[in-house]
Amino acid sequence: MTKALLTMAVAALLAVPGSARAQQSTSQQEVRQTIRDAYTYSKDNLADPPDTYSADGALEFWSSGGLMQVVPPDAPRNTYDSFSLTPKHIRVTMLADEQVAVANFYAEGAFKVTGQPAVTDYMTRVTQVFVQENGGWKVRSSHFSPIMGGSGTPQRALEN
């Protein structure tokens, strides 16, 4: 078990560019690994991982559109006929004395929720808020925004 944890920690560090790796706190690394572990669990078990939500539940905007969803901590878990989503370019910002984290990343791949149509080319931007609870990082809020052909603000929008 210790060897597996060490291997995962080394893999997580190697996935981060050198200068960013040195600047990442332990909490940031833990949140990044929590995200990776959740996607790996779904790939390996064809189900959402257990116990991912805060004891207070979460608020979410789903990539399918529609209204805000209130997700209770004991929400039913999805099961999948297939799942190949991968989180990419995970960036974590720590808040509130490292007890709250905001993660921004992309999720790409394909999946098929049991009893639902397959999604074969899923590409979305993800923002998730995590809180430190009972020794782990739990989801408190999520926003999934699909990447489609369209336009946003030009790059110069941040210029003064």
# chains A, B, ... in the order shown; residues from 1 in each chain; ligands from 1
call {"tool": "select_by_dssp", "arguments": {"residues": "range 40-85 of chain A", "states": "strand (DSSP E or B)", "output": "JSON, numbers by chain"}}
result
{"A": [47, 53, 58, 59, 60, 61, 69, 70, 71, 79, 80, 81, 82, 83]}
call {"tool": "write_last_selection", "arguments": {"atoms": "all heavy atoms", "output": "short mmCIF file (atom, residue, chain, number, x, y, z; two decimals), in the first residue's frame"}}
result
data_model
loop_
_atom_site.label_atom_id
_atom_site.label_comp_id
_atom_site.auth_asym_id
_atom_site.auth_seq_id
_atom_site.Cartn_x
_atom_site.Cartn_y
_atom_site.Cartn_z
N ALA A 47 -18.42 3.21 -12.16
CA ALA A 47 -19.35 3.85 -11.22
C ALA A 47 -18.67 5.09 -10.66
O ALA A 47 -17.43 5.17 -10.62
CB ALA A 47 -19.73 2.91 -10.08
N TYR A 53 -18.86 13.97 -2.00
CA TYR A 53 -19.49 15.25 -1.71
C TYR A 53 -19.35 15.64 -0.24
O TYR A 53 -19.29 14.79 0.64
CB TYR A 53 -20.98 15.22 -2.08
CG TYR A 53 -21.20 15.25 -3.56
CD1 TYR A 53 -21.52 14.11 -4.27
CD2 TYR A 53 -21.06 16.44 -4.27
CE1 TYR A 53 -21.70 14.14 -5.65
CE2 TYR A 53 -21.24 16.49 -5.64
CZ TYR A 53 -21.56 15.34 -6.33
OH TYR A 53 -21.74 15.38 -7.68
N ALA A 58 -23.74 19.76 -2.33
CA ALA A 58 -23.07 20.63 -3.29
C ALA A 58 -24.10 21.31 -4.19
O ALA A 58 -25.22 20.82 -4.36
CB ALA A 58 -22.09 19.83 -4.14
N LEU A 59 -23.66 22.40 -4.79
CA LEU A 59 -24.43 23.05 -5.85
C LEU A 59 -23.65 22.83 -7.14
O LEU A 59 -22.42 22.97 -7.16
CB LEU A 59 -24.55 24.56 -5.58
CG LEU A 59 -25.30 24.95 -4.32
CD1 LEU A 59 -25.27 26.46 -4.14
CD2 LEU A 59 -26.73 24.45 -4.37
N GLU A 60 -24.38 22.47 -8.22
CA GLU A 60 -23.68 22.17 -9.47
C GLU A 60 -24.44 22.72 -10.68
O GLU A 60 -25.67 22.72 -10.70
CB GLU A 60 -23.52 20.66 -9.64
CG GLU A 60 -22.63 20.04 -8.58
CD GLU A 60 -22.25 18.60 -8.86
OE1 GLU A 60 -23.01 17.89 -9.54
OE2 GLU A 60 -21.17 18.20 -8.41
N PHE A 61 -23.66 23.18 -11.65
CA PHE A 61 -24.17 23.46 -12.99
C PHE A 61 -23.59 22.37 -13.88
O PHE A 61 -22.37 22.21 -13.95
CB PHE A 61 -23.69 24.83 -13.49
CG PHE A 61 -24.38 25.99 -12.84
CD1 PHE A 61 -23.70 26.79 -11.94
CD2 PHE A 61 -25.70 26.29 -13.14
CE1 PHE A 61 -24.32 27.87 -11.34
CE2 PHE A 61 -26.34 27.37 -12.55
CZ PHE A 61 -25.65 28.16 -11.65
N GLN A 69 -28.28 22.55 -9.92
CA GLN A 69 -28.66 21.32 -9.24
C GLN A 69 -28.19 21.35 -7.80
O GLN A 69 -27.05 21.73 -7.52
CB GLN A 69 -28.03 20.10 -9.95
CG GLN A 69 -28.39 19.98 -11.40
CD GLN A 69 -29.86 19.67 -11.59
OE1 GLN A 69 -30.43 18.85 -10.89
NE2 GLN A 69 -30.47 20.35 -12.55
N VAL A 70 -29.05 20.94 -6.88
CA VAL A 70 -28.67 20.78 -5.48
C VAL A 70 -28.41 19.29 -5.28
O VAL A 70 -29.31 18.46 -5.44
CB VAL A 70 -29.79 21.28 -4.54
CG1 VAL A 70 -29.40 21.04 -3.08
CG2 VAL A 70 -30.08 22.75 -4.80
N VAL A 71 -27.17 18.96 -4.97
CA VAL A 71 -26.76 17.57 -4.85
C VAL A 71 -26.57 17.23 -3.38
O VAL A 71 -25.69 17.79 -2.73
CB VAL A 71 -25.46 17.31 -5.63
CG1 VAL A 71 -25.05 15.85 -5.54
CG2 VAL A 71 -25.61 17.74 -7.09
N THR A 79 -23.81 4.77 -12.57
CA THR A 79 -23.06 3.62 -13.05
C THR A 79 -22.90 3.81 -14.55
O THR A 79 -23.66 4.53 -15.19
CB THR A 79 -23.77 2.29 -12.75
OG1 THR A 79 -25.05 2.29 -13.37
CG2 THR A 79 -23.93 2.08 -11.24
N TYR A 80 -21.89 3.16 -15.13
CA TYR A 80 -21.53 3.39 -16.52
C TYR A 80 -21.40 2.07 -17.26
O TYR A 80 -20.93 1.08 -16.71
CB TYR A 80 -20.19 4.14 -16.61
CG TYR A 80 -20.21 5.48 -15.91
CD1 TYR A 80 -19.78 5.61 -14.59
CD2 TYR A 80 -20.67 6.61 -16.56
CE1 TYR A 80 -19.81 6.82 -13.94
CE2 TYR A 80 -20.70 7.84 -15.92
CZ TYR A 80 -20.27 7.94 -14.61
OH TYR A 80 -20.30 9.15 -13.97
N ASP A 81 -21.77 2.10 -18.54
CA ASP A 81 -21.46 0.98 -19.43
C ASP A 81 -20.04 1.14 -19.97
O ASP A 81 -19.37 0.16 -20.30
CB ASP A 81 -22.46 0.93 -20.59
CG ASP A 81 -23.88 0.62 -20.12
OD1 ASP A 81 -24.04 -0.04 -19.07
OD2 ASP A 81 -24.83 1.05 -20.80
N SER A 82 -19.60 2.40 -20.08
CA SER A 82 -18.22 2.69 -20.49
C SER A 82 -17.84 4.05 -19.91
O SER A 82 -18.70 4.90 -19.68
CB SER A 82 -18.09 2.71 -22.02
OG SER A 82 -18.90 3.72 -22.58
N PHE A 83 -16.53 4.24 -19.67
CA PHE A 83 -16.05 5.49 -19.08
C PHE A 83 -14.59 5.66 -19.43
O PHE A 83 -13.76 4.83 -19.04
CB PHE A 83 -16.23 5.47 -17.57
CG PHE A 83 -15.93 6.79 -16.91
CD1 PHE A 83 -16.97 7.65 -16.57
CD2 PHE A 83 -14.64 7.18 -16.62
CE1 PHE A 83 -16.72 8.86 -15.96
CE2 PHE A 83 -14.37 8.39 -16.01
CZ PHE A 83 -15.41 9.24 -15.68
#
